[in-house]
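Input: a single structure, listed below in structure tokens.
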Amino acid sequence: MSLPLVVLSVLSVASLVAAEIRFTEIRSDGRPIIPFDEFGFTHRGRLELNVTKLSLSGPTPDSSALSKVGFFLSTRDAWVHVLQQIEDGEINCVLGSDAVQKVYTFDRLHSLTTTEFNFVYTEIDADQYTLVFANCLPQLKVSMNVRSAMYNLEDGNFNRRDYLSAGKTVLPRVFFLFSIIYFVLAVVWINVLYKKRLTVHTIHFFMLAVVLLKALNLLCEAEDKSYIKRTGSAHGWDILFYIFSFLKGITLFSLIVLIGTGWSFLKPYLQDKEKKVLIIVIPLQVVANIAQVVIDETGPFGHEWVRWKQVFLLVDVICCCAVLFPIVWSIKNMREAARTDGKAAVNLMKLTLFRHYYIVVICYIYFTRVVVYALETITSYKYLWTSVVAGELATLAFYLFTGYRFKPEAHNPYFVIDEDEDAATEQLKLEDEFDL
């Protein structure tokens, strides 16, 4: 698949849904439980339900039986209690539990022929809730279009809605602050390249591109979250965010591979095995970004959410492992060279630098993939933004380390190449071309 087609497919997926205001179509569904979305309410929370094209199929129930069909809100702790009640035989329907908050049950419909209704539910107990539809009538199948909008009213202004969950409402400012930091870093890096222009290599301009794409990605994410915060939908800003996220992901992983192989300053070309790593990493990043779009846009309870989440995690792990191979190869080659070519001091400095970079890359991958996820899992819903800050701080530290260690400098051990090494490089290049 060509790059334009990939980008087009990403944009087409992104345009299917609308951010925090969810639209869900249900057709002849007999599932007893249908989860919709999660949201962190403050003590001024609101839930707007707009149901259209409602139809019930199966044995005609009486109006009292329809009290077992409807929408409710539940916290995670409450849901555990409900499951225990069902297991103990205390209740036979979720809507019969006092642990959940019933929003709208179908016994409130004017008649069985009613095809639509609107309802606003006020939530005053601050917590993280899941909106769920329950159907405790086994023979009944439901079809309907559901528009759900959950938001909090801001303190001091009851007319201003905040469509971001309580733990995410500060994210627009967080992303904007980090975007400013990266733009400043880009300016500093440009100044360094200008002052050290005699020792600048192609890889340094590639590093500048990575920083700029990261800054633009964060800026678009800040505007995307800000627009959602005010309106509940993204209206195009999500598309820009996904484009820059796509480009940033590819360039970052490619940069790690290129630095790990010593491309541009240790040698002017890539060997076949290193090219294969890039050929593997770049398409995998394409798949990872498509998966990320589906995950973000469908919400945690979409039909394909679990499958795409598994795809994203698998692809991300493969990419993270793949970018480590070139560094390992370089460390192995330099260890062998230090023993045989008589330039032990120079090779030892390069070997030490590569080892440090290898350790930092592993720490960065581990922190952003494992520690950040753990923080998101154990942190209270009110402080979900802290896991985002932790991830961005780790990424910023990694960028700073990479820029400092591999900055254009005549005496940087990474750039020490003598005539013998140049000759060996050219010989290897000729051998590769001959093999081809």
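Residues in the structure tokens are numbered from 1 in each chain, the chains being A, B, ... in the order shown, and ligands are numbered from 1 in the order shown.
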Exercise: segment 216-228 of chain A partners within 9 Å, only C-alpha atoms, chain neighbours under 3 positions left out, as a VMD selection string: chain A and resid 19 to 21 162 to 164 169 171 to 180 182 to 183 211 to 213 231 to 238 240 to 245 247 to 248
Quick one: pick out all alpha helix (DSSP H) residues within segment 349-418 of chain A from a backbone DSSP run and write them as a compact mmCIF listing (two decimals) with C-alpha atoms, in the first residue's frame.
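Result saved to result04.txt:
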# COMPACT_ATOMS: atom_id res chain seq x y z
CA MET A 349 34.84 5.47 23.68
CA LYS A 350 32.38 4.64 20.89
CA LEU A 351 31.48 1.35 22.55
CA THR A 352 30.77 3.08 25.86
CA LEU A 353 28.61 5.69 24.12
CA PHE A 354 26.61 3.03 22.29
CA ARG A 355 26.09 1.09 25.49
CA HIS A 356 24.78 4.18 27.22
CA TYR A 357 22.46 4.93 24.31
CA TYR A 358 21.24 1.32 24.28
CA ILE A 359 20.41 1.50 28.00
CA VAL A 360 18.63 4.85 27.57
CA VAL A 361 16.55 3.54 24.64
CA ILE A 362 15.50 0.51 26.70
CA CYS A 363 14.62 2.72 29.68
CA TYR A 364 12.63 5.07 27.44
CA ILE A 365 10.69 2.22 25.84
CA TYR A 366 10.06 0.53 29.20
CA VAL A 372 3.01 5.05 32.06
CA TYR A 373 0.35 2.37 31.49
CA ALA A 374 0.69 1.27 35.13
CA LEU A 375 0.30 4.86 36.30
CA GLU A 376 -2.81 5.24 34.18
CA THR A 377 -4.24 2.06 35.68
CA ILE A 378 -3.60 2.77 39.36
CA TRP A 385 -3.36 13.71 33.38
CA THR A 386 -0.35 12.78 35.53
CA SER A 387 0.36 9.67 33.41
CA VAL A 388 0.37 11.87 30.30
CA VAL A 389 2.80 14.30 31.94
CA ALA A 390 5.04 11.42 33.03
CA GLY A 391 5.14 10.04 29.48
CA GLU A 392 5.89 13.45 27.95
CA LEU A 393 8.64 14.17 30.50
CA ALA A 394 10.27 10.81 29.69
CA THR A 395 10.08 11.59 25.97
CA LEU A 396 11.54 15.05 26.53
CA ALA A 397 14.41 13.58 28.56
CA PHE A 398 15.10 11.07 25.78
CA TYR A 399 15.19 13.83 23.15
CA LEU A 400 17.51 15.93 25.29
CA PHE A 401 19.85 13.01 25.93
CA THR A 402 19.98 12.11 22.23
CA GLY A 403 20.65 15.70 21.18
CA TYR A 404 23.35 16.21 23.81
CA ARG A 405 25.16 12.94 23.14
If we count only C-alpha atoms and set the cut-off at 6 Å, which residues sit around Val69 of chain A, ignoring sequence neighbours fewer than 5 positions away in its own chain? Please answer as a list in words. Thr105, Phe106, Ala134 and Asn135 of chain A
A:Asn191, A:Gln101, A:Thr130, A:Gln139: which is nearest Ser165 of chain A, counting only C-alpha atoms?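 Selected residue with least distance to Ser165 of chain A: A:Thr130.
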Report as an NGL selection string all protein, DNA and RNA residues lying within 12 Å of segment 48-59 of chain A, evaluated on only C-alpha atoms, omitting residues in the same chain fewer than 6 positions from it. :A and (21-30 or 36 or 65-66 or 69-72 or 103-104 or 106 or 109 or 111-123 or 131-133 or 135 or 137-152 or 163)
Smallest atom-to-atom distance to Leu313 of chain A: which of A:Leu258, A:Ile250, A:Val370, A:Leu278, using only C-alpha atoms?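 The closest residue to Leu313 of chain A is A:Val370.
Of the listed residues (A:Gln85, A:Gln310, A:Asn92, A:Asn159), A:Asn159 comes nearest to Arg44 of chain A; the distances count only C-alpha atoms.
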Could you please write out, as a ChimeraX atom specification, every residue of segment 22-94 of chain A that DSSP assigns to strand (DSSP E or B)? /A:22-29,33-41,45-57,69-74
Select, from A:Ala215, A:Val287, A:Val94, A:Ile256, the residue with the minimum atom-to-atom distance to Pro326 of chain A, counting only C-alpha atoms. A:Ile256
Report, in Å with one decimal, the straight-line distance from atom CA of Tyr381 of chain A to atom CA of His43 of chain A.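 So the answer is 13.9 Å.
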